[in-house]
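The file protein13.pdb contains PDB, C-alpha atoms:
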```
ATOM      1  CA  MET O   1     141.116 133.118 107.072
ATOM      2  CA  ILE O   2     138.347 134.448 104.873
ATOM      3  CA  LYS O   3     139.880 132.662 101.919
ATOM      4  CA  MET O   4     139.788 129.379 103.835
ATOM      5  CA  LEU O   5     136.156 129.960 104.721
ATOM      6  CA  LEU O   6     135.284 130.627 101.103
ATOM      7  CA  VAL O   7     137.036 127.461 100.004
ATOM      8  CA  LYS O   8     135.087 125.474 102.589
ATOM      9  CA  MET O   9     131.813 127.013 101.473
ATOM     10  CA  VAL O  10     132.505 126.123  97.880
ATOM     11  CA  MET O  11     133.332 122.592  98.949
ATOM     12  CA  ILE O  12     130.072 122.240 100.847
ATOM     13  CA  PHE O  13     128.038 123.432  97.882
ATOM     14  CA  SER O  14     129.860 121.194  95.443
ATOM     15  CA  ILE O  15     129.015 118.178  97.605
ATOM     16  CA  ALA O  16     125.330 119.109  97.572
ATOM     17  CA  ALA O  17     125.363 119.617  93.821
ATOM     18  CA  SER O  18     126.974 116.304  92.996
ATOM     19  CA  ALA O  19     124.656 114.225  95.204
ATOM     20  CA  ALA O  20     121.965 113.736  92.576
ATOM     21  CA  ILE O  21     124.191 113.359  89.551
ATOM     22  CA  GLU O  22     124.379 109.994  87.885
ATOM     23  CA  THR O  23     127.125 109.100  85.496
ATOM     24  CA  TYR O  24     125.428 108.960  82.127
ATOM     25  CA  GLN O  25     127.651 109.319  79.088
ATOM     26  CA  PHE O  26     126.111 110.845  75.984
ATOM     27  CA  ASP O  27     127.239 110.823  72.372
ATOM     28  CA  SER O  28     126.471 114.502  71.902
ATOM     29  CA  PRO O  29     125.517 117.597  73.894
ATOM     30  CA  GLN O  30     122.159 117.493  72.079
ATOM     31  CA  GLN O  31     121.417 114.078  73.543
ATOM     32  CA  GLU O  32     122.315 115.333  76.984
ATOM     33  CA  ALA O  33     120.072 118.371  76.564
ATOM     34  CA  ARG O  34     117.157 116.119  75.526
ATOM     35  CA  PHE O  35     117.782 113.896  78.533
ATOM     36  CA  ARG O  36     117.675 116.918  80.813
ATOM     37  CA  GLU O  37     114.560 118.312  79.114
ATOM     38  CA  LEU O  38     112.683 115.002  79.392
ATOM     39  CA  GLY O  39     113.794 114.713  82.987
ATOM     40  CA  PHE O  40     111.923 117.925  83.739
ATOM     41  CA  GLU O  41     108.925 117.094  81.590
ATOM     42  CA  LEU O  42     108.198 113.616  82.929
ATOM     43  CA  ARG O  43     106.604 113.361  86.311
ATOM     44  CA  CYS O  44     107.607 110.886  88.988
ATOM     45  CA  PRO O  45     104.680 108.439  89.366
ATOM     46  CA  LYS O  46     105.435 107.811  93.027
ATOM     47  CA  CYS O  47     106.092 111.252  94.429
ATOM     48  CA  GLN O  48     103.299 113.505  93.123
ATOM     49  CA  ASN O  49     104.756 116.892  92.399
ATOM     50  CA  GLN O  50     108.284 116.165  91.334
ATOM     51  CA  ALA O  51     109.799 115.555  87.954
ATOM     52  CA  ILE O  52     111.854 112.411  87.471
ATOM     53  CA  GLY O  53     114.849 114.686  86.863
ATOM     54  CA  ASP O  54     114.895 115.980  90.409
ATOM     55  CA  SER O  55     113.476 113.143  92.420
ATOM     56  CA  ASP O  56     115.457 110.643  94.443
ATOM     57  CA  ALA O  57     112.689 108.043  94.401
ATOM     58  CA  GLU O  58     113.728 104.610  93.224
ATOM     59  CA  ILE O  59     111.228 104.666  90.378
ATOM     60  CA  SER O  60     112.540 108.008  89.114
ATOM     61  CA  GLY O  61     116.015 106.540  88.872
ATOM     62  CA  ASP O  62     114.583 103.611  86.901
ATOM     63  CA  LEU O  63     112.716 105.925  84.550
ATOM     64  CA  ARG O  64     115.797 108.110  84.017
ATOM     65  CA  ALA O  65     117.664 104.936  83.061
ATOM     66  CA  VAL O  66     114.910 104.119  80.548
ATOM     67  CA  VAL O  67     115.020 107.629  79.084
ATOM     68  CA  TYR O  68     118.793 107.354  78.796
ATOM     69  CA  ARG O  69     118.635 103.953  77.115
ATOM     70  CA  MET O  70     115.961 105.067  74.670
ATOM     71  CA  ILE O  71     117.863 108.235  73.746
ATOM     72  CA  LYS O  72     120.982 106.171  73.123
ATOM     73  CA  GLU O  73     118.963 103.782  70.982
ATOM     74  CA  GLY O  74     117.804 106.676  68.840
ATOM     75  CA  ALA O  75     114.190 107.035  70.032
ATOM     76  CA  THR O  76     112.531 110.403  69.476
ATOM     77  CA  ASP O  77     111.160 112.481  72.357
ATOM     78  CA  GLY O  78     107.644 111.573  71.194
ATOM     79  CA  GLU O  79     108.424 107.860  71.305
ATOM     80  CA  ILE O  80     109.812 108.199  74.829
ATOM     81  CA  ARG O  81     106.729 110.127  75.979
ATOM     82  CA  ASP O  82     104.435 107.511  74.401
ATOM     83  CA  PHE O  83     106.377 104.735  76.114
ATOM     84  CA  MET O  84     105.850 106.405  79.490
ATOM     85  CA  VAL O  85     102.170 107.218  78.899
ATOM     86  CA  ALA O  86     101.478 103.609  77.840
ATOM     87  CA  ARG O  87     102.734 102.457  81.244
ATOM     88  CA  TYR O  88     102.067 105.258  83.679
ATOM     89  CA  GLY O  89      99.192 107.087  82.002
ATOM     90  CA  ARG O  90      98.746 110.791  81.341
ATOM     91  CA  PHE O  91      99.835 111.464  84.892
ATOM     92  CA  VAL O  92     103.507 111.315  83.877
ATOM     93  CA  LEU O  93     103.217 114.259  81.506
ATOM     94  CA  TYR O  94     103.773 117.678  83.010
ATOM     95  CA  ASN O  95     102.858 119.139  79.650
ATOM     96  CA  PRO O  96      99.758 117.219  78.542
ATOM     97  CA  PRO O  97      98.559 117.616  74.946
ATOM     98  CA  LEU O  98      95.347 119.512  74.231
ATOM     99  CA  ASP O  99      92.493 117.086  73.619
ATOM    100  CA  GLN O 100      89.003 116.224  74.874
ATOM    101  CA  GLN O 101      90.231 115.110  78.294
ATOM    102  CA  THR O 102      92.410 118.149  78.937
ATOM    103  CA  ILE O 103      90.375 120.873  77.226
ATOM    104  CA  VAL O 104      89.003 122.232  80.529
ATOM    105  CA  LEU O 105      92.521 122.334  81.914
ATOM    106  CA  TRP O 106      93.843 124.288  78.945
ATOM    107  CA  LEU O 107      90.910 126.567  78.143
ATOM    108  CA  GLY O 108      89.381 126.927  81.621
ATOM    109  CA  PRO O 109      91.582 129.835  82.697
ATOM    110  CA  VAL O 110      90.990 131.680  79.416
ATOM    111  CA  GLY O 111      87.239 131.094  79.792
ATOM    112  CA  LEU O 112      87.270 132.474  83.325
ATOM    113  CA  LEU O 113      89.251 135.506  82.165
ATOM    114  CA  ILE O 114      86.694 136.226  79.434
ATOM    115  CA  LEU O 115      83.801 135.737  81.854
ATOM    116  CA  GLY O 116      85.429 138.116  84.339
ATOM    117  CA  GLY O 117      86.041 140.680  81.602
ATOM    118  CA  VAL O 118      82.410 140.527  80.478
ATOM    119  CA  LEU O 119      81.176 140.985  84.063
ATOM    120  CA  VAL O 120      83.451 143.984  84.570
ATOM    121  CA  LEU O 121      82.287 145.540  81.279
ATOM    122  CA  LEU O 122      78.639 145.084  82.267
ATOM    123  CA  ARG O 123      79.338 146.699  85.612
ATOM    124  CA  ILE O 124      81.072 149.672  83.993
ATOM    125  CA  ARG O 125      78.315 150.179  81.458
ATOM    126  CA  ARG O 126      75.665 150.075  84.129
ATOM    127  CA  SER O 127      77.440 152.540  86.409
ATOM    128  CA  THR O 128      78.090 155.007  83.577
ATOM    129  CA  ARG O 129      74.422 154.802  82.621
ATOM    130  CA  ALA O 130      73.487 155.486  86.246
ATOM    131  CA  LEU O 131      75.862 158.474  86.199
ATOM    132  CA  HIS O 132      74.190 159.853  83.069
ATOM    133  CA  LYS O 133      70.790 159.544  84.655
ATOM    134  CA  ARG O 134      71.937 161.559  87.604
ATOM    135  CA  ASP O 135      73.420 164.254  85.345
ATOM    136  CA  PHE O 136      70.261 164.881  83.442
TER     137      PHE O 136
ATOM    138  CA  MET Z   1      71.112 145.012  91.838
ATOM    139  CA  SER Z   2      69.311 142.007  90.445
ATOM    140  CA  ARG Z   3      68.517 139.097  92.661
ATOM    141  CA  TRP Z   4      70.840 136.504  91.167
ATOM    142  CA  VAL Z   5      73.900 138.649  91.837
ATOM    143  CA  VAL Z   6      73.042 138.579  95.538
ATOM    144  CA  TRP Z   7      72.850 134.807  95.524
ATOM    145  CA  ALA Z   8      75.883 134.230  93.297
ATOM    146  CA  PRO Z   9      78.488 134.163  96.140
ATOM    147  CA  LEU Z  10      76.451 131.526  97.933
ATOM    148  CA  GLY Z  11      76.284 129.495  94.732
ATOM    149  CA  VAL Z  12      80.050 129.743  94.272
ATOM    150  CA  PHE Z  13      80.522 128.752  97.903
ATOM    151  CA  VAL Z  14      78.311 125.697  97.559
ATOM    152  CA  VAL Z  15      80.145 124.562  94.417
ATOM    153  CA  LEU Z  16      83.520 124.989  96.119
ATOM    154  CA  VAL Z  17      82.356 123.081  99.202
ATOM    155  CA  GLY Z  18      81.246 120.302  96.852
ATOM    156  CA  PHE Z  19      84.707 120.130  95.272
ATOM    157  CA  PHE Z  20      86.506 120.223  98.613
ATOM    158  CA  PHE Z  21      84.207 117.572 100.031
ATOM    159  CA  LYS Z  22      84.965 115.289  97.107
ATOM    160  CA  GLY Z  23      88.648 116.085  97.554
ATOM    161  CA  LEU Z  24      88.535 114.771 101.116
ATOM    162  CA  THR Z  25      87.861 111.268  99.871
ATOM    163  CA  LEU Z  26      90.351 111.325  96.995
ATOM    164  CA  ASP Z  27      93.860 110.014  97.459
ATOM    165  CA  PRO Z  28      96.222 111.689  95.005
ATOM    166  CA  SER Z  29      98.731 108.868  95.371
ATOM    167  CA  MET Z  30      96.202 106.439  93.865
ATOM    168  CA  GLN Z  31      96.583 106.660  90.134
ATOM    169  CA  PRO Z  32      94.351 104.869  87.663
ATOM    170  CA  SER Z  33      96.431 102.367  85.764
ATOM    171  CA  ALA Z  34      97.051 102.951  82.081
ATOM    172  CA  LEU Z  35      96.728  99.188  81.626
ATOM    173  CA  ILE Z  36      93.125  98.639  82.716
ATOM    174  CA  GLY Z  37      91.426  96.640  79.960
ATOM    175  CA  LYS Z  38      94.764  95.666  78.442
ATOM    176  CA  PRO Z  39      96.456  92.282  78.614
ATOM    177  CA  VAL Z  40      99.341  91.657  80.983
ATOM    178  CA  PRO Z  41     102.403  92.806  78.996
ATOM    179  CA  SER Z  42     104.337  89.973  77.419
ATOM    180  CA  PHE Z  43     107.337  88.883  79.443
ATOM    181  CA  GLN Z  44     109.881  86.153  79.691
ATOM    182  CA  LEU Z  45     111.138  85.677  83.228
ATOM    183  CA  THR Z  46     111.947  82.769  85.486
ATOM    184  CA  ASP Z  47     110.125  81.128  88.358
ATOM    185  CA  LEU Z  48     111.841  82.097  91.614
ATOM    186  CA  HIS Z  49     111.684  78.550  92.963
ATOM    187  CA  THR Z  50     112.112  76.286  89.957
ATOM    188  CA  GLY Z  51     114.024  78.515  87.556
ATOM    189  CA  LYS Z  52     111.608  77.514  84.790
ATOM    190  CA  VAL Z  53     110.759  80.083  82.144
ATOM    191  CA  LEU Z  54     107.479  81.929  82.697
ATOM    192  CA  THR Z  55     105.638  83.933  80.051
ATOM    193  CA  SER Z  56     102.217  85.542  79.800
ATOM    194  CA  GLN Z  57     101.067  82.195  78.322
ATOM    195  CA  THR Z  58     101.787  80.405  81.607
ATOM    196  CA  LEU Z  59      99.488  82.651  83.680
ATOM    197  CA  PRO Z  60      96.471  80.921  85.249
ATOM    198  CA  GLY Z  61      93.440  80.648  82.974
ATOM    199  CA  VAL Z  62      91.155  81.806  85.795
ATOM    200  CA  PRO Z  63      90.779  85.236  87.428
ATOM    201  CA  PHE Z  64      93.734  85.851  89.740
ATOM    202  CA  LEU Z  65      95.583  88.489  91.675
ATOM    203  CA  LEU Z  66      99.042  89.542  90.566
ATOM    204  CA  ASN Z  67     100.822  90.840  93.636
ATOM    205  CA  VAL Z  68     103.975  92.916  93.199
ATOM    206  CA  TRP Z  69     106.199  92.606  96.268
ATOM    207  CA  ALA Z  70     109.772  92.611  97.484
ATOM    208  CA  SER Z  71     111.589  91.595 100.636
ATOM    209  CA  TRP Z  72     112.756  95.205 101.118
ATOM    210  CA  CYS Z  73     109.175  96.460 101.141
ATOM    211  CA  ILE Z  74     107.711  97.013 104.597
ATOM    212  CA  THR Z  75     104.088  97.330 103.516
ATOM    213  CA  CYS Z  76     104.389  93.985 101.710
ATOM    214  CA  GLN Z  77     105.136  92.408 105.053
ATOM    215  CA  VAL Z  78     102.088  94.143 106.513
ATOM    216  CA  GLU Z  79      99.725  92.819 103.850
ATOM    217  CA  HIS Z  80     101.282  89.354 103.793
ATOM    218  CA  PRO Z  81      99.063  87.721 106.475
ATOM    219  CA  TYR Z  82      95.968  89.002 104.683
ATOM    220  CA  LEU Z  83      97.160  87.676 101.324
ATOM    221  CA  THR Z  84      97.792  84.328 103.004
ATOM    222  CA  GLU Z  85      94.192  84.331 104.200
ATOM    223  CA  LEU Z  86      92.968  85.356 100.768
ATOM    224  CA  SER Z  87      94.870  82.643  98.933
ATOM    225  CA  ASP Z  88      92.078  80.123  99.673
ATOM    226  CA  GLN Z  89      89.626  82.255  97.730
ATOM    227  CA  VAL Z  90      91.575  83.442  94.719
ATOM    228  CA  PRO Z  91      94.878  82.342  93.198
ATOM    229  CA  ILE Z  92      97.672  84.841  93.870
ATOM    230  CA  VAL Z  93     100.601  85.040  91.501
ATOM    231  CA  GLY Z  94     103.636  86.775  92.954
ATOM    232  CA  LEU Z  95     105.812  89.212  91.086
ATOM    233  CA  ASN Z  96     109.006  89.497  93.046
ATOM    234  CA  TYR Z  97     110.086  92.995  92.074
ATOM    235  CA  LYS Z  98     113.692  94.249  92.115
ATOM    236  CA  ASP Z  99     114.730  91.818  94.768
ATOM    237  CA  SER Z 100     117.595  89.419  95.309
ATOM    238  CA  GLU Z 101     116.909  85.717  94.951
ATOM    239  CA  THR Z 102     118.174  84.735  98.403
ATOM    240  CA  ALA Z 103     116.417  87.595 100.186
ATOM    241  CA  ALA Z 104     113.138  86.735  98.448
ATOM    242  CA  LYS Z 105     113.423  83.030  99.239
ATOM    243  CA  ASN Z 106     114.305  83.696 102.877
ATOM    244  CA  TRP Z 107     111.364  86.077 103.196
ATOM    245  CA  LEU Z 108     108.946  83.449 101.885
ATOM    246  CA  ALA Z 109     110.474  80.729 104.037
ATOM    247  CA  LYS Z 110     110.058  82.885 107.118
ATOM    248  CA  LEU Z 111     106.618  84.376 106.501
ATOM    249  CA  GLY Z 112     104.966  81.637 104.450
ATOM    250  CA  ASP Z 113     104.251  81.358 100.753
ATOM    251  CA  PRO Z 114     100.659  82.018  99.674
ATOM    252  CA  TYR Z 115     101.610  82.344  95.992
ATOM    253  CA  THR Z 116     100.721  79.824  93.307
ATOM    254  CA  THR Z 117     103.644  80.964  91.155
ATOM    255  CA  GLN Z 118     106.451  83.361  91.813
ATOM    256  CA  ILE Z 119     107.673  85.441  88.886
ATOM    257  CA  PHE Z 120     111.227  86.588  89.568
ATOM    258  CA  ASP Z 121     111.820  90.072  88.158
ATOM    259  CA  PRO Z 122     115.137  91.266  89.612
ATOM    260  CA  ASN Z 123     115.510  94.164  87.161
ATOM    261  CA  GLY Z 124     111.913  95.315  87.461
ATOM    262  CA  ARG Z 125     111.349  94.955  83.717
ATOM    263  CA  LEU Z 126     107.839  93.526  83.961
ATOM    264  CA  GLY Z 127     107.181  95.952  86.798
ATOM    265  CA  LEU Z 128     108.027  98.828  84.493
ATOM    266  CA  ASP Z 129     105.816  97.458  81.706
ATOM    267  CA  LEU Z 130     102.993  97.160  84.232
ATOM    268  CA  GLY Z 131     103.452 100.790  85.262
ATOM    269  CA  VAL Z 132     104.401  99.834  88.805
ATOM    270  CA  ALA Z 133     105.448 102.887  90.802
ATOM    271  CA  GLY Z 134     106.517 100.950  93.882
ATOM    272  CA  ALA Z 135     105.732  97.833  95.865
ATOM    273  CA  PRO Z 136     103.254  96.661  96.898
ATOM    274  CA  GLU Z 137     100.825  96.824  94.026
ATOM    275  CA  THR Z 138      98.161  94.296  93.158
ATOM    276  CA  PHE Z 139      96.427  93.709  89.851
ATOM    277  CA  LEU Z 140      93.215  91.794  89.311
ATOM    278  CA  VAL Z 141      93.560  89.859  86.065
ATOM    279  CA  ASP Z 142      90.717  88.011  84.377
ATOM    280  CA  SER Z 143      90.736  84.508  82.903
ATOM    281  CA  SER Z 144      91.929  85.731  79.508
ATOM    282  CA  GLY Z 145      94.833  87.633  81.004
ATOM    283  CA  VAL Z 146      93.322  91.132  80.825
ATOM    284  CA  ILE Z 147      94.023  93.554  83.680
ATOM    285  CA  GLN Z 148      90.798  94.674  85.381
ATOM    286  CA  LEU Z 149      91.923  96.557  88.460
ATOM    287  CA  ARG Z 150      95.010  97.961  90.057
ATOM    288  CA  ILE Z 151      95.496  98.522  93.766
ATOM    289  CA  GLN Z 152      98.423 100.628  94.897
ATOM    290  CA  GLY Z 153      99.591  99.928  98.409
ATOM    291  CA  GLU Z 154      98.334  97.469 100.962
ATOM    292  CA  VAL Z 155      95.567  94.987 100.222
ATOM    293  CA  ASN Z 156      93.488  94.506 103.342
ATOM    294  CA  ASP Z 157      89.967  93.401 104.109
ATOM    295  CA  ARG Z 158      88.497  96.826 103.369
ATOM    296  CA  VAL Z 159      90.183  97.073  99.964
ATOM    297  CA  TYR Z 160      89.238  93.498  99.145
ATOM    298  CA  GLN Z 161      85.570  93.823 100.104
ATOM    299  CA  ARG Z 162      85.087  97.223  98.494
ATOM    300  CA  GLN Z 163      87.168  97.062  95.354
ATOM    301  CA  ILE Z 164      88.400  93.600  94.491
ATOM    302  CA  LEU Z 165      85.542  91.279  95.449
ATOM    303  CA  PRO Z 166      82.711  93.084  93.577
ATOM    304  CA  LEU Z 167      84.757  93.002  90.371
ATOM    305  CA  LEU Z 168      86.028  89.481  90.937
ATOM    306  CA  GLU Z 169      82.464  88.238  91.251
ATOM    307  CA  THR Z 170      81.537  89.628  87.839
ATOM    308  CA  LEU Z 171      84.536  87.831  86.319
ATOM    309  CA  LYS Z 172      83.717  84.396  87.664
TER     310      LYS Z 172
END
```
Have the structure of the file written as structure tokens, please.
Amino acid sequence: MIKMLLVKMVMIFSIAASAAIETYQFDSPQQEARFRELGFELRCPKCQNQAIGDSDAEISGDLRAVVYRMIKEGATDGEIRDFMVARYGRFVLYNPPLDQQTIVLWLGPVGLLILGGVLVLLRIRRSTRALHKRDF
Amino acid sequence: MSRWVVWAPLGVFVVLVGFFFKGLTLDPSMQPSALIGKPVPSFQLTDLHTGKVLTSQTLPGVPFLLNVWASWCITCQVEHPYLTELSDQVPIVGLNYKDSETAAKNWLAKLGDPYTTQIFDPNGRLGLDLGVAGAPETFLVDSSGVIQLRIQGEVNDRVYQRQILPLLETLK
């Protein structure tokens, strides 16, 4: 009984897992790994916060096909990224390069951290000074 | 405590309200095109009706709208009457995107054909080169074939008056 239930559960999960899998054949495991990596790194232009690797949108399927074709044709990851950026803009990159346009994005958090640290230090120094005054 | 520290939270609040207010009017699904200021990508496709070869050389030498549509696209049907109205004012070139020939022809026969030319792109190759994320999309192209504006989604009177017309007038 329990065994049967387990078998059924496994079957249900295997159906869910195979739903999004397309049949792409690769020459090497490295190629497949690159395909997977790029699928997570490139953003679906239609669906906001999803990578093309886990989106069911029509356009994501098209872009996966392009990535596959380009990998098979021997394009480098950089060439594939450039191809996508030339058509869909920076938006497609989940990992945008550091340059003038993205400097706030990359350094903003660090800047805020430093600012916060400085404020805390000032606070501490002031309160210890106040303490000293009271002591003497 | 010095005075500015007292006012700082209010300042932060005002800045945040400013950002949120701006955010209210932004639509994250509207992406600026990577092709603004660039020529229409070169292509070699056929005319849906005549089967003749079309390339970027055969585009009209005047400012025109390039409308990406398909018979499976609901919003395209919604904007169709407006495009028909608009076709007296500006030439509209159709890009039939990832469609079947019969379905596209039937659609035009049923709803009317406001297009000066119909580029048939069943595999979406030109669509991909244009950075099309889905139909409908409309590009404003100038007389030398350079893309000036991209509209994602429906073109209606509001979009035309606010975005397309002001730019179109500078191109004429």
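Distances here use all atoms listed in the file; by that measure, the residue among Z:Val141, Z:Ile74, Z:Ala34, Z:Leu54 closest to chain O is Z:Ala34.
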Result set of the PyMOL selection byres ((chain O) within 8 of (chain Z)) on the coordinates above, as a ChimeraX atom specification: /O:45-48,59,85-89,91
Selection result of the PyMOL selection byres ((chain O and resi 96) around 12) on this file, as an mmCIF file with C-alpha atoms, in the coordinates of the input:
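What landed in selection-v6.cif:
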```
data_model
loop_
_atom_site.group_PDB
_atom_site.id
_atom_site.type_symbol
_atom_site.label_atom_id
_atom_site.label_comp_id
_atom_site.auth_asym_id
_atom_site.auth_seq_id
_atom_site.Cartn_x
_atom_site.Cartn_y
_atom_site.Cartn_z
ATOM 1 C CA GLU O 41 108.925 117.094 81.590
ATOM 2 C CA LEU O 42 108.198 113.616 82.929
ATOM 3 C CA ARG O 43 106.604 113.361 86.311
ATOM 4 C CA ARG O 81 106.729 110.127 75.979
ATOM 5 C CA ASP O 82 104.435 107.511 74.401
ATOM 6 C CA VAL O 85 102.170 107.218 78.899
ATOM 7 C CA GLY O 89 99.192 107.087 82.002
ATOM 8 C CA ARG O 90 98.746 110.791 81.341
ATOM 9 C CA PHE O 91 99.835 111.464 84.892
ATOM 10 C CA VAL O 92 103.507 111.315 83.877
ATOM 11 C CA LEU O 93 103.217 114.259 81.506
ATOM 12 C CA TYR O 94 103.773 117.678 83.010
ATOM 13 C CA ASN O 95 102.858 119.139 79.650
ATOM 14 C CA PRO O 97 98.559 117.616 74.946
ATOM 15 C CA LEU O 98 95.347 119.512 74.231
ATOM 16 C CA ASP O 99 92.493 117.086 73.619
ATOM 17 C CA GLN O 100 89.003 116.224 74.874
ATOM 18 C CA GLN O 101 90.231 115.110 78.294
ATOM 19 C CA THR O 102 92.410 118.149 78.937
ATOM 20 C CA ILE O 103 90.375 120.873 77.226
ATOM 21 C CA LEU O 105 92.521 122.334 81.914
ATOM 22 C CA TRP O 106 93.843 124.288 78.945
#
```
Residues returned when the PyMOL selection byres ((chain Z and resi 98) around 8) runs on this file, as a VMD selection string: chain Z and resid 70 96 to 97 99 to 100 121 to 124
For CA of Arg162 (chain Z) and CA of Gln118 (chain Z), the interatomic separation in Å (one decimal): 26.3 Å
Residues within 6 Å of Asp47 (chain Z), only C-alpha atoms, excluding chain neighbours under 2 positions, as a PyMOL selection string: chain Z and resi 49-52+118-120
Computed interatomic separation between CA of Leu108 (chain Z) and CA of Val155 (chain Z) (Å): 17.7 Å
Distance of CA of Gln148 (chain Z) from CA of Glu79 (chain Z), expressed in Å to one decimal place: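 Rounded to one decimal, the two atoms are 20.6 Å apart.
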Centre and edges of the region 46-62 of chain Z box, axis-aligned, 4 Å extra per side, as JSON:
```
{"center_x": 102.6, "center_y": 80.9, "center_z": 85.6, "size_x": 30.9, "size_y": 17.3, "size_z": 22.6}
```
Nearest to Cys73 (chain Z) by atom-to-atom distance, counting only C-alpha atoms, from Z:Leu168, Z:Gly153, Z:Leu24, Z:Lys110: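 Using only C-alpha atoms, Cys73 (chain Z) sits closest to Z:Gly153.
Among the candidates O:Met4, O:Ile52, O:Ala57, O:Ile71, the one nearest to Gln30 (chain O) when counting all atoms listed in the file is O:Ile71.
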Radius query 12 Å about (110.6, 112.7, 72.4), atoms used: all atoms listed in the file, as a list in words: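 Residues satisfying the cut-off, written out: Gln31, Ala33, Arg34, Phe35, Arg36, Glu37, Leu38, Gly39, Glu41, Leu42, Val67, Tyr68, Met70, Ile71, Gly74, Ala75, Thr76, Asp77, Gly78, Glu79, Ile80, Arg81, Asp82, Phe83, Met84, Val85 and Leu93 of chain O.
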Protein and nucleic acid residues near (91.3, 97.2, 94.4) (cut-off 8 Å, only C-alpha atoms) as a ChimeraX atom specification: /Z:138-140,149-152,155,159-160,162-164
Pick out the residues sitting within 10 Å of Glu154 (chain Z), and hand them over as a compact mmCIF listing (two decimals) with C-alpha atoms, in the coordinates of the input; count only C-alpha atoms, and ignore anything fewer than 3 positions along from it in its own chain.
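And here is the file that came out, around02.txt:
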```txt
# COMPACT_ATOMS: atom_id res chain seq x y z
CA THR Z 75 104.09 97.33 103.52
CA CYS Z 76 104.39 93.98 101.71
CA GLN Z 77 105.14 92.41 105.05
CA VAL Z 78 102.09 94.14 106.51
CA GLU Z 79 99.72 92.82 103.85
CA HIS Z 80 101.28 89.35 103.79
CA TYR Z 82 95.97 89.00 104.68
CA LEU Z 83 97.16 87.68 101.32
CA ALA Z 135 105.73 97.83 95.86
CA PRO Z 136 103.25 96.66 96.90
CA GLU Z 137 100.82 96.82 94.03
CA THR Z 138 98.16 94.30 93.16
CA ILE Z 151 95.50 98.52 93.77
CA ASP Z 157 89.97 93.40 104.11
CA VAL Z 159 90.18 97.07 99.96
```
Close residues, region 87-94 of chain Z itself excluded, 9 Å, all atoms listed in the file, min 5 positions apart in chain, as a PyMOL selection string: chain Z and resi 59-60+62-69+82+114-120
